[in-house]
Structure formats: structure tokens, C-alpha cells
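Raw data37.txt, compact mmCIF, C-alpha atoms:
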```
# COMPACT_ATOMS: atom_id res chain seq x y z
CA MET G 1 17.91 110.37 128.21
CA SER G 2 20.62 108.29 126.56
CA VAL G 3 23.93 106.63 127.40
CA LEU G 4 26.60 105.63 124.91
CA LEU G 5 28.54 102.44 125.64
CA GLU G 6 31.86 102.38 123.81
CA THR G 7 32.86 98.73 123.46
CA SER G 8 35.81 97.05 121.79
CA ILE G 9 33.60 95.93 118.87
CA GLY G 10 31.52 99.08 118.42
CA ASP G 11 29.17 101.46 120.18
CA ILE G 12 25.69 100.96 121.60
CA VAL G 13 23.30 103.77 122.45
CA ILE G 14 20.76 103.05 125.20
CA ASP G 15 17.64 105.16 125.68
CA LEU G 16 16.63 105.18 129.35
CA TYR G 17 13.13 105.02 130.85
CA THR G 18 13.75 107.68 133.47
CA ASP G 19 10.04 108.31 134.08
CA GLU G 20 9.00 104.66 134.42
CA ALA G 21 12.06 103.48 136.38
CA PRO G 22 13.64 106.49 138.13
CA LEU G 23 15.50 104.55 140.83
CA THR G 24 16.92 101.97 138.44
CA THR G 25 17.97 104.53 135.83
CA ARG G 26 19.46 106.73 138.54
CA ASN G 27 21.57 103.82 139.75
CA PHE G 28 22.72 103.07 136.20
CA LEU G 29 23.50 106.72 135.37
CA LYS G 30 25.49 107.28 138.55
CA LEU G 31 27.50 104.09 137.99
CA CYS G 32 28.25 105.32 134.48
CA LYS G 33 29.20 108.73 135.83
CA THR G 34 31.73 107.23 138.24
CA LYS G 35 33.11 105.12 135.35
CA TYR G 36 32.21 101.98 137.27
CA TYR G 37 31.61 100.09 134.02
CA ASN G 38 34.87 101.14 132.36
CA PHE G 39 36.98 98.09 131.45
CA THR G 40 34.29 95.61 132.49
CA ILE G 41 33.60 92.74 130.10
CA VAL G 42 30.60 91.03 128.60
CA HIS G 43 30.78 87.99 130.85
CA ARG G 44 27.82 86.01 129.51
CA VAL G 45 26.38 85.52 126.05
CA GLU G 46 23.49 83.19 125.25
CA ARG G 47 22.83 83.34 121.53
CA GLY G 48 19.27 84.37 120.77
CA PHE G 49 18.63 85.14 124.43
CA VAL G 50 20.75 87.75 126.27
CA VAL G 51 24.17 89.32 126.64
CA GLN G 52 25.03 90.19 130.24
CA LEU G 53 27.59 92.67 131.53
CA GLY G 54 28.26 95.15 134.32
CA ASP G 55 30.25 92.95 136.71
CA PRO G 56 33.69 94.43 137.50
CA THR G 57 34.93 91.00 138.62
CA GLY G 58 33.97 89.38 135.30
CA SER G 59 32.64 86.34 137.14
CA GLY G 60 28.92 87.08 137.02
CA ASN G 61 28.81 87.07 140.83
CA GLY G 62 30.10 90.57 141.57
CA GLY G 63 29.04 94.15 141.34
CA GLU G 64 27.08 96.49 143.57
CA SER G 65 24.76 99.45 143.24
CA ILE G 66 25.86 103.07 143.43
CA PHE G 67 24.43 103.07 146.95
CA GLY G 68 26.78 100.25 147.91
CA VAL G 69 29.72 102.00 146.27
CA LEU G 70 28.96 105.01 148.47
CA GLY G 71 28.94 102.87 151.62
CA GLY G 72 25.25 102.05 151.80
CA PRO G 73 23.33 98.85 150.99
CA LYS G 74 25.06 96.77 148.34
CA TYR G 75 21.82 96.09 146.47
CA PHE G 76 18.61 97.99 145.89
CA GLN G 77 15.07 97.05 145.00
CA PRO G 78 14.47 98.08 141.35
CA GLU G 79 11.15 99.02 139.80
CA ILE G 80 9.58 96.05 138.03
CA ARG G 81 6.79 97.38 135.83
CA SER G 82 4.38 94.98 134.20
CA ALA G 83 3.83 97.49 131.39
CA LEU G 84 7.50 97.33 130.35
CA LYS G 85 8.00 94.24 128.21
CA HIS G 86 11.09 92.33 127.12
CA LYS G 87 11.72 92.42 123.38
CA ARG G 88 14.83 92.48 121.24
CA GLY G 89 17.11 95.24 122.49
CA THR G 90 15.49 95.63 125.91
CA VAL G 91 17.92 96.61 128.67
CA SER G 92 17.16 95.20 132.13
CA MET G 93 18.87 95.01 135.49
CA ALA G 94 19.70 91.46 136.48
CA ALA G 95 17.62 90.75 139.60
CA VAL G 96 18.04 88.03 142.24
CA ASP G 97 16.15 87.05 145.38
CA ASP G 98 17.02 89.02 148.46
CA ALA G 99 19.22 86.92 150.78
CA SER G 100 16.99 87.85 153.73
CA GLY G 101 14.35 85.43 152.49
CA THR G 102 11.66 88.06 151.99
CA GLY G 103 11.17 87.08 148.36
CA LEU G 104 11.98 90.56 147.13
CA LEU G 105 14.08 90.96 144.00
CA VAL G 106 17.21 93.12 144.28
CA SER G 107 19.83 94.38 141.83
CA GLY G 108 23.36 95.74 141.89
CA SER G 109 25.30 96.78 138.80
CA GLN G 110 24.81 93.88 136.40
CA PHE G 111 22.44 94.32 133.48
CA PHE G 112 21.57 92.44 130.32
CA ILE G 113 20.37 93.19 126.80
CA THR G 114 17.90 90.84 125.16
CA LEU G 115 18.55 89.35 121.71
CA ASP G 116 15.10 88.11 120.72
CA ASP G 117 11.46 89.22 120.75
CA ASN G 118 9.90 86.10 122.28
CA LEU G 119 11.04 86.65 125.86
CA ASP G 120 7.81 87.57 127.62
CA TYR G 121 8.56 85.04 130.36
CA LEU G 122 11.13 87.53 131.66
CA ASP G 123 8.43 90.14 132.25
CA GLY G 124 7.84 90.77 135.93
CA LYS G 125 11.10 89.05 136.92
CA HIS G 126 13.66 91.64 135.88
CA ALA G 127 13.66 95.43 135.91
CA VAL G 128 13.39 96.91 132.42
CA PHE G 129 14.97 100.38 132.38
CA GLY G 130 15.87 101.10 128.76
CA GLU G 131 16.21 99.93 125.19
CA VAL G 132 18.85 99.91 122.47
CA ALA G 133 18.45 102.88 120.13
CA GLU G 134 21.65 102.50 118.06
CA GLY G 135 24.22 99.76 117.60
CA TRP G 136 22.14 96.81 116.45
CA ASP G 137 25.06 95.50 114.40
CA VAL G 138 27.20 95.51 117.56
CA LEU G 139 24.49 93.55 119.36
CA ASP G 140 24.51 91.00 116.54
CA LYS G 141 28.30 90.67 116.85
CA MET G 142 27.94 90.03 120.57
CA SER G 143 25.30 87.38 119.94
CA ALA G 144 27.56 85.64 117.42
CA SER G 145 30.52 85.46 119.83
CA ILE G 146 32.26 82.12 120.32
CA CYS G 147 32.07 81.39 124.05
CA ASP G 148 33.49 78.98 126.59
CA SER G 149 31.40 76.59 128.67
CA SER G 150 30.38 79.38 131.06
CA GLY G 151 29.09 81.61 128.25
CA ARG G 152 31.99 84.06 128.36
CA PRO G 153 33.29 85.10 124.92
CA LEU G 154 36.73 83.68 124.17
CA SER G 155 37.71 87.09 122.81
CA ASP G 156 36.75 89.57 125.50
CA ILE G 157 34.23 92.25 124.63
CA LEU G 158 35.31 95.21 126.70
CA VAL G 159 33.31 98.27 127.77
CA ARG G 160 35.93 100.95 127.30
CA HIS G 161 33.92 104.02 128.21
CA THR G 162 30.43 105.30 128.99
CA ILE G 163 29.15 108.71 127.92
CA ILE G 164 26.06 110.33 129.48
CA LEU G 165 24.23 112.90 127.39
CA HIS G 166 22.02 114.21 130.18
CA ASP G 167 21.57 113.21 133.80
CA PRO G 168 18.29 114.50 135.29
CA PHE G 169 18.99 113.16 138.79
CA PRO G 170 20.93 114.88 141.59
CA ASP G 171 24.10 113.16 142.73
CA PRO G 172 23.95 111.22 146.00
CA LYS G 173 25.98 112.54 148.89
CA GLY G 174 29.66 111.68 148.47
CA MET G 175 29.33 111.18 144.72
CA ALA G 176 31.68 114.05 143.84
CA VAL G 177 34.61 112.20 145.37
CA LEU G 178 34.04 109.18 143.11
CA ALA G 179 33.41 110.95 139.79
CA PRO G 180 36.76 111.09 137.96
CA SER G 181 37.78 114.28 136.18
CA SER G 182 40.01 112.46 133.68
CA PRO G 183 39.97 109.10 131.85
CA LEU G 184 40.81 106.08 133.95
CA LEU G 185 43.21 103.23 133.29
CA PRO G 186 42.31 99.58 133.95
CA SER G 187 43.25 98.38 137.40
CA ALA G 188 45.62 95.48 137.99
CA GLU G 189 42.63 93.28 138.85
CA GLN G 190 40.88 94.20 135.61
CA GLN G 191 44.01 93.50 133.58
CA GLN G 192 44.24 90.04 135.12
CA ILE G 193 40.66 89.27 134.08
CA LEU G 194 41.21 90.07 130.41
CA ARG G 195 42.04 87.49 127.80
CA VAL G 196 42.43 88.65 124.20
CA GLU G 197 40.30 91.73 123.62
CA ALA G 198 37.83 91.49 120.77
CA GLY G 199 38.95 93.73 117.94
CA ASP G 200 42.62 93.29 118.73
CA SER G 201 44.66 91.96 115.88
CA LEU G 202 46.30 88.58 116.36
CA ASP G 203 48.40 89.14 113.27
CA PRO G 204 52.07 89.36 114.37
CA ALA G 205 52.80 91.26 111.14
CA GLU G 206 50.71 94.25 112.28
CA ASN G 207 53.11 96.94 113.38
CA ASP G 208 52.61 99.63 116.00
CA GLU G 209 51.72 102.24 113.39
CA ALA G 210 48.92 100.12 111.89
CA ARG G 211 47.61 99.28 115.36
CA GLU G 212 47.59 102.96 116.30
CA GLN G 213 45.79 103.86 113.07
CA ARG G 214 43.10 101.26 113.77
CA GLY G 215 42.64 102.69 117.25
CA ARG G 216 42.24 106.21 115.88
CA GLU G 217 39.60 105.03 113.44
CA GLN G 218 37.63 103.36 116.22
CA GLU G 219 37.85 106.50 118.34
CA ALA G 220 36.68 108.66 115.43
CA LYS G 221 33.64 106.43 114.94
CA ALA G 222 32.76 106.72 118.63
CA GLN G 223 33.06 110.52 118.53
CA ALA G 224 30.90 110.70 115.41
CA LEU G 225 28.19 108.65 117.08
CA THR G 226 28.28 110.98 120.07
CA LEU G 227 27.76 113.96 117.74
CA GLU G 228 24.79 112.18 116.17
CA MET G 229 23.27 111.60 119.60
CA ILE G 230 23.41 115.29 120.49
CA GLY G 231 22.12 116.33 117.07
CA ASP G 232 25.28 117.91 115.62
CA LEU G 233 25.36 115.32 112.82
CA PRO G 234 22.37 113.85 110.98
CA TYR G 235 23.97 110.40 111.25
CA ALA G 236 27.33 109.08 112.44
CA ASP G 237 28.69 107.90 109.08
CA VAL G 238 27.90 111.15 107.28
CA LYS G 239 30.50 112.26 104.74
CA PRO G 240 31.02 115.63 103.06
CA PRO G 241 29.26 115.86 99.68
CA GLU G 242 31.52 115.13 96.73
CA ASN G 243 29.89 117.69 94.44
CA VAL G 244 30.42 120.84 96.52
CA LEU G 245 33.41 123.17 96.29
CA PHE G 246 34.66 125.56 98.94
CA VAL G 247 35.97 128.79 97.44
CA CYS G 248 37.79 131.34 99.60
CA LYS G 249 39.94 134.51 99.33
CA LEU G 250 37.19 136.16 97.31
CA ASN G 251 37.15 139.88 96.65
CA PRO G 252 34.30 141.48 98.67
CA VAL G 253 32.93 142.98 95.45
CA THR G 254 32.46 139.59 93.80
CA ARG G 255 28.77 138.72 93.44
CA ASP G 256 27.03 135.35 93.52
CA GLY G 257 25.90 135.61 89.91
CA ASP G 258 29.38 136.48 88.67
CA LEU G 259 30.93 133.56 90.50
CA GLU G 260 28.29 131.20 89.15
CA THR G 261 28.86 132.40 85.60
CA ILE G 262 32.60 131.75 85.89
CA PHE G 263 32.20 128.22 87.28
CA ALA G 264 29.22 127.27 85.06
CA ARG G 265 31.53 126.35 82.19
CA PHE G 266 32.42 123.15 84.03
CA GLY G 267 28.85 121.88 84.37
CA ARG G 268 25.37 122.55 85.68
CA ILE G 269 25.37 124.39 89.01
CA LEU G 270 22.66 123.69 91.58
CA SER G 271 23.57 126.53 93.93
CA CYS G 272 26.26 129.16 94.29
CA ASP G 273 26.21 131.06 97.57
CA ILE G 274 28.69 133.61 98.83
CA ILE G 275 28.51 133.60 102.62
CA ARG G 276 27.66 137.02 104.03
CA ASP G 277 27.51 138.74 107.39
CA ARG G 278 23.96 138.43 108.71
CA ALA G 279 23.88 141.95 110.09
CA THR G 280 25.59 143.95 107.34
CA GLY G 281 25.22 141.70 104.31
CA ASP G 282 28.91 142.12 103.50
CA SER G 283 30.77 139.24 101.88
CA LEU G 284 32.89 137.16 104.23
CA GLY G 285 35.16 136.20 101.37
CA TYR G 286 34.18 132.60 100.84
CA ALA G 287 31.46 130.63 99.05
CA PHE G 288 30.05 127.16 98.42
CA ILE G 289 29.33 125.99 94.88
CA GLU G 290 27.21 122.87 94.40
CA PHE G 291 27.46 121.09 91.04
CA ASP G 292 24.99 118.64 89.59
CA ALA G 293 27.76 116.16 88.77
CA LYS G 294 30.79 115.05 90.77
CA GLU G 295 32.94 115.07 87.62
CA ALA G 296 32.19 118.76 86.99
CA CYS G 297 33.13 119.55 90.57
CA GLU G 298 36.46 117.73 90.21
CA GLU G 299 37.31 119.51 86.95
CA ALA G 300 36.58 122.90 88.50
CA TYR G 301 38.76 122.01 91.47
CA PHE G 302 41.78 121.23 89.30
CA LYS G 303 41.39 124.19 86.94
CA MET G 304 40.19 127.05 89.15
CA ASP G 305 42.55 127.02 92.12
CA ASN G 306 44.72 130.17 92.24
CA VAL G 307 42.75 131.78 89.39
CA LEU G 308 42.46 135.59 89.41
CA ILE G 309 38.88 136.84 89.97
CA ASP G 310 38.25 140.57 90.57
CA ASP G 311 41.96 141.12 91.25
CA ARG G 312 42.07 138.37 93.88
CA ARG G 313 43.66 134.93 93.50
CA ILE G 314 41.09 132.53 94.89
CA HIS G 315 41.66 129.22 96.60
CA VAL G 316 39.45 126.24 95.69
CA ASP G 317 39.05 123.04 97.66
CA PHE G 318 36.49 120.31 98.19
CA SER G 319 34.03 121.20 100.92
CA GLN G 320 34.58 119.37 104.21
CA SER G 321 31.40 120.75 105.77
CA VAL G 322 28.36 118.55 106.34
CA SER G 323 26.16 121.48 107.36
CA ARG G 324 24.50 121.52 103.94
CA VAL G 325 23.57 117.88 104.47
CA ASP G 326 22.69 118.32 108.14
CA GLY G 327 20.36 121.21 107.43
CA ARG G 328 18.35 119.34 104.82
CA TRP G 329 17.84 115.92 106.26
CA VAL G 330 14.55 115.39 108.08
CA ARG G 331 15.34 112.75 110.64
CA THR G 332 12.88 109.98 111.43
CA LYS G 333 13.56 107.19 113.87
CA VAL G 334 13.27 103.94 111.97
CA ALA G 335 13.32 100.33 113.07
CA PRO G 336 16.70 98.58 113.06
CA GLY G 337 17.67 97.19 109.68
CA ASN G 338 15.06 99.20 107.77
CA ASP G 339 15.93 101.28 104.73
CA ILE G 340 13.28 103.74 103.66
CA ASP G 341 12.49 105.66 100.50
CA ALA G 342 11.01 108.72 102.17
CA VAL G 343 12.89 111.62 103.66
CA GLY G 344 14.28 110.77 107.11
CA GLY G 345 16.01 107.89 108.81
CA ARG G 346 19.61 107.31 109.76
CA GLY G 347 21.37 108.26 106.57
CA ARG G 348 20.82 105.12 104.51
CA SER G 349 21.34 105.00 100.78
CA ARG G 350 17.83 105.77 99.60
CA LEU G 351 17.14 108.83 101.74
CA GLN G 352 16.22 111.79 99.57
CA MET G 353 17.75 115.22 100.16
CA LYS G 354 15.83 118.45 99.60
CA ARG G 355 17.70 121.05 97.59
CA ARG G 356 17.07 123.98 95.29
CA TYR G 357 17.36 122.79 91.69
CA ARG G 358 17.73 125.27 88.87
CA ASP G 359 16.04 124.83 85.51
```
Structure re-expressed in C-alpha cells:
Amino acid sequence: MSVLLETSIGDIVIDLYTDEAPLTTRNFLKLCKTKYYNFTIVHRVERGFVVQLGDPTGSGNGGESIFGVLGGPKYFQPEIRSALKHKRGTVSMAAVDDASGTGLLVSGSQFFITLDDNLDYLDGKHAVFGEVAEGWDVLDKMSASICDSSGRPLSDILVRHTIILHDPFPDPKGMAVLAPSSPLLPSAEQQQILRVEAGDSLDPAENDEAREQRGREQEAKAQALTLEMIGDLPYADVKPPENVLFVCKLNPVTRDGDLETIFARFGRILSCDIIRDRATGDSLGYAFIEFDAKEACEEAYFKMDNVLIDDRRIHVDFSQSVSRVDGRWVRTKVAPGNDIDAVGGRGRSRLQMKRRYRD
């Protein structure tokens, strides 16, 4: 189970320990579902230690559990498992002593993410409920923030949105009323809390068009990461291959071998596949041609568009599909910062792609 936090400096994916900490993860998931964390800030950063967030007041003294939001007890007693250790990227609920004097530790909505491995003294004191799976560079940016005397970043790091991939827990009674059906806007109280949002340009020369373009790019990155999480992309920064052409408006009688022969004059072809109906085997009128060299692909693009083949004028363009990449990567979860030579990983430069070479 995973949750994507869209922040003003990038996105963080958190894998949740739903089996080990069902009550704590349920509280976190339901708060995310009601958009409780939207427009909250990272209110405390201690470099090399933790970043803390989840307080809608931004003071570090606010927040309540989903049970409190629904009119029940403001805090709950989270699961504190001795087997779950604090290491870099661990996500834990901030826990405090119960005001009743019983010595029990309780939590609300605030949570923190650890920034170092040597934090075993936190074990048994706070409720570990997840770990960072993606977004280590964002975590490093948070750690490097310039803060005021209270530990709050001078440029606010804002949680803009939370996305839940799968919620295995039933909603508490009354939850349906709280879950919004459309995106929310920051409240007047939240707007008063904000300083300068991290990622906002302080350059007075930046016009509205440039600011809008930057916002679209950030949104596109967040959407791509979401597609990676659900498995529709092999990795978020995937790009279409530069050596593959998309050819359409083909005559149904055109064969793969004929098409390959025509395009082979531009360079060595690795594959030439006319896409066909799975049931009938009939041509669907388009094909993908993969060249060995990018330069050969570019030359074919410029010279073959609108050429007559089998009494049809074809259209040639660069392929925008990543399915050929997606179908051939074998994904392996690797440690943050690693780059591997073997097949797998998160799409780093040295990953090797399987494909059918021709002699």
C-alpha cells in the first residue's frame, strides 16, 4: 500500500506497513482521503535528524486523528512495534504522553520522516508505520532547508495533495461526508500561515506565462510518478525512444518485409512490425520501425513522410509510445542513489534493454 505526497519541491512515495500497524496506517490513510494534509506545511526540519509535518496549524502543536475529526477522541494510541526500526526514510507518527497521566503514548495527525540511519534511540518511542520508497532527492532538499530558530523552513514546503493507490480499510462512520469529491482550495487560515512557498520564483521578471508553464511541468512530473506507482510506466522520467518511427495510413496489403526493405536504405533496422488485429491478423494500418541509429531514424523521418507505398501516401512521425520500453524493462527495487549494470531498477542510465537484434 502506498501514498504519494505531492509537495512544492517534489513528490515522495510512502510505502505503508498496513499489516504491522493497521490502526496507525488506517488513521493516516483516512486523513489523506479527507485531504486533511492538503496545504499543510513542513513545520520542523532538523538536518540529519527528521522533517516533521502533518499539523494544519503549522505550529507543531495542532492536529488530530481521523477519529477526532469525526467527533471522537482527538488522539489515539498507535502501535509501537519493537521490530520496526528507525532508519533513513522511516515514517513515524509523532507520539506524546497522554495528558491523563497514564504514561501511554498517543498520536494525532503529525508524522515525521527520518534523515539518518543512526536513530535507534527513537525505537519504542514513536510509531513506525511506513518508509520512503521514492523521492529521496526531495527528502535531501527538505533536509537542506534554511530554517528559522524554531526549525521551520524560511521558504515553506507545502503538501499540495495526497494520492492513495489502494485503501484496504473500511471507512469509519461519517467518513463519506468529509471525503471531498473535487480538489480543495486552501482555507483563509492556511493562507495566513504561509510565507513564501518553496519552488515559487522570487524573480519579478518572471511573467504569468512562465509561471504557468513551470506549474504545468511540476504537475506533469507528479502525474508521471503516479503512473509509475501503479505500473503503467517503468519509471517516472521515461521518454519515448529516439530511434523508433511511427508509420500510419498503410495499405492493408503492405507486408512487414516490404516495409522493412523500403526503410532499410536509411540504416540498419532492428525491428519492423506492422500492428495487426489479434483475432483476424488483418493489418490495422500502422507500424513501428526501430533503427539501430538515431541518425538513420531522423533521416527516414524527413524523407519518407507522404511517400506513396502500395498506392497509399503514408504518414511518418517519431514514436511517442513508451510501451516498447515498458514491455522490456525488468524492474528491480534498488536502494536510493544506486545505479546498477544489470537489467532492472528505476530507469537509470546503465540499465540494459532486451530487444531482438538482427544479424
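CA of Thr162 in chain G to CA of Pro73 in chain G spans 24.0 Å [interatomic distance, one decimal].
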Kindly give the distance, in Å, that separates CA of Val132 in chain G and CA of Lys30 in chain G, rounded to a single decimal.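 CA of Lys30 in chain G lies at a distance of 18.9 Å from CA of Val132 in chain G.
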How close does range 55-108 of chain G get to range 133-144 of chain G? List, as JSON lines, each residue of range 55-108 of chain G within 12 Å, its nearest atom pair and the distance in Å to one decimal, counting only C-alpha atoms.
```
{"residue": "G:Arg88", "atom": "CA", "partner": "G:Trp136", "partner_atom": "CA", "distance": 9.8}
{"residue": "G:Gly89", "atom": "CA", "partner": "G:Trp136", "partner_atom": "CA", "distance": 8.0}
{"residue": "G:Thr90", "atom": "CA", "partner": "G:Ala133", "partner_atom": "CA", "distance": 9.7}
{"residue": "G:Val91", "atom": "CA", "partner": "G:Ala133", "partner_atom": "CA", "distance": 10.6}
```
May I have the protein, DNA and RNA residues with an atom at most 9 Å from (20.1, 97.9, 141.8), counting all atoms listed in the file in the file's coordinates, returned as JSON, numbers by chain? {"G": [23, 24, 27, 28, 64, 65, 66, 67, 74, 75, 76, 77, 78, 93, 94, 95, 106, 107, 108, 109, 110]}
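For range 188-193 of chain G, the non-local neighbours within 12 Å, defined as residues at least 5 positions apart in the same chain or in other chains and counting all atoms listed in the file, are Tyr36, Tyr37, Asn38, Phe39, Thr40, Ile41, Val42, His43, Asp55, Pro56, Thr57, Gly58, Ser59, Arg152, Ser155, Asp156, Ile157, Leu158, Val159 and Arg160 of chain G.
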Please produce a file of those selected residues containing C-alpha atoms, as a PDB file, keeping the file's coordinate frame.
```
ATOM      1  CA  TYR G  36      32.210 101.980 137.270  1.00  0.00           C
ATOM      2  CA  TYR G  37      31.610 100.090 134.020  1.00  0.00           C
ATOM      3  CA  ASN G  38      34.870 101.140 132.360  1.00  0.00           C
ATOM      4  CA  PHE G  39      36.980  98.090 131.450  1.00  0.00           C
ATOM      5  CA  THR G  40      34.290  95.610 132.490  1.00  0.00           C
ATOM      6  CA  ILE G  41      33.600  92.740 130.100  1.00  0.00           C
ATOM      7  CA  VAL G  42      30.600  91.030 128.600  1.00  0.00           C
ATOM      8  CA  HIS G  43      30.780  87.990 130.850  1.00  0.00           C
ATOM      9  CA  ASP G  55      30.250  92.950 136.710  1.00  0.00           C
ATOM     10  CA  PRO G  56      33.690  94.430 137.500  1.00  0.00           C
ATOM     11  CA  THR G  57      34.930  91.000 138.620  1.00  0.00           C
ATOM     12  CA  GLY G  58      33.970  89.380 135.300  1.00  0.00           C
ATOM     13  CA  SER G  59      32.640  86.340 137.140  1.00  0.00           C
ATOM     14  CA  ARG G 152      31.990  84.060 128.360  1.00  0.00           C
ATOM     15  CA  SER G 155      37.710  87.090 122.810  1.00  0.00           C
ATOM     16  CA  ASP G 156      36.750  89.570 125.500  1.00  0.00           C
ATOM     17  CA  ILE G 157      34.230  92.250 124.630  1.00  0.00           C
ATOM     18  CA  LEU G 158      35.310  95.210 126.700  1.00  0.00           C
ATOM     19  CA  VAL G 159      33.310  98.270 127.770  1.00  0.00           C
ATOM     20  CA  ARG G 160      35.930 100.950 127.300  1.00  0.00           C
TER      21      ARG G 160
END
```
Calculated over only C-alpha atoms, which of the candidates G:Asp117, G:Asp282, G:Asp258, G:Asp19 has the smallest distance to Arg81 in chain G?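 Smallest separation from Arg81 in chain G among the options: G:Asp19.
Across the structure, CA of Ser92 in chain G and CA of Ala220 in chain G are spaced 29.0 Å apart.
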Near-range 296-299 of chain G list (10 Å; all atoms listed in the file; drop same-chain fewer than 5 positions) as a PyMOL selection string: chain G and resi 242-245+263-269+289-291+304+317-318
Residue contacts of Ile274 in chain G (6 Å, all atoms listed in the file) excluding same-chain residues fewer than 6 positions away, as a VMD selection string: chain G and resid 256 286 to 287
For Leu105 in chain G: contacts at 6 Å, all atoms listed in the file, fewer than 4 positions along chain excluded, given as a PDB file with C-alpha atoms, in the frame of the given file:
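What ended up in out00.pdb:
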```
ATOM      1  CA  ALA G  95      17.620  90.750 139.600  1.00  0.00           C
ATOM      2  CA  VAL G  96      18.040  88.030 142.240  1.00  0.00           C
ATOM      3  CA  ASP G  97      16.150  87.050 145.380  1.00  0.00           C
ATOM      4  CA  ASP G  98      17.020  89.020 148.460  1.00  0.00           C
TER       5      ASP G  98
END
```
Restricting the calculation to all atoms listed in the file: of G:Val45, G:Ile314, G:His126, G:Gln213, which residue gets closest to Ile146 in chain G?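 Counting all atoms listed in the file, the residue closest to Ile146 in chain G is G:Val45.
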Hey, which of G:Ile164, G:Leu308, G:Ala300, G:Leu185 ends up closest to Cys32 in chain G? Count all atoms listed in the file.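 Nearest to Cys32 in chain G: G:Ile164.
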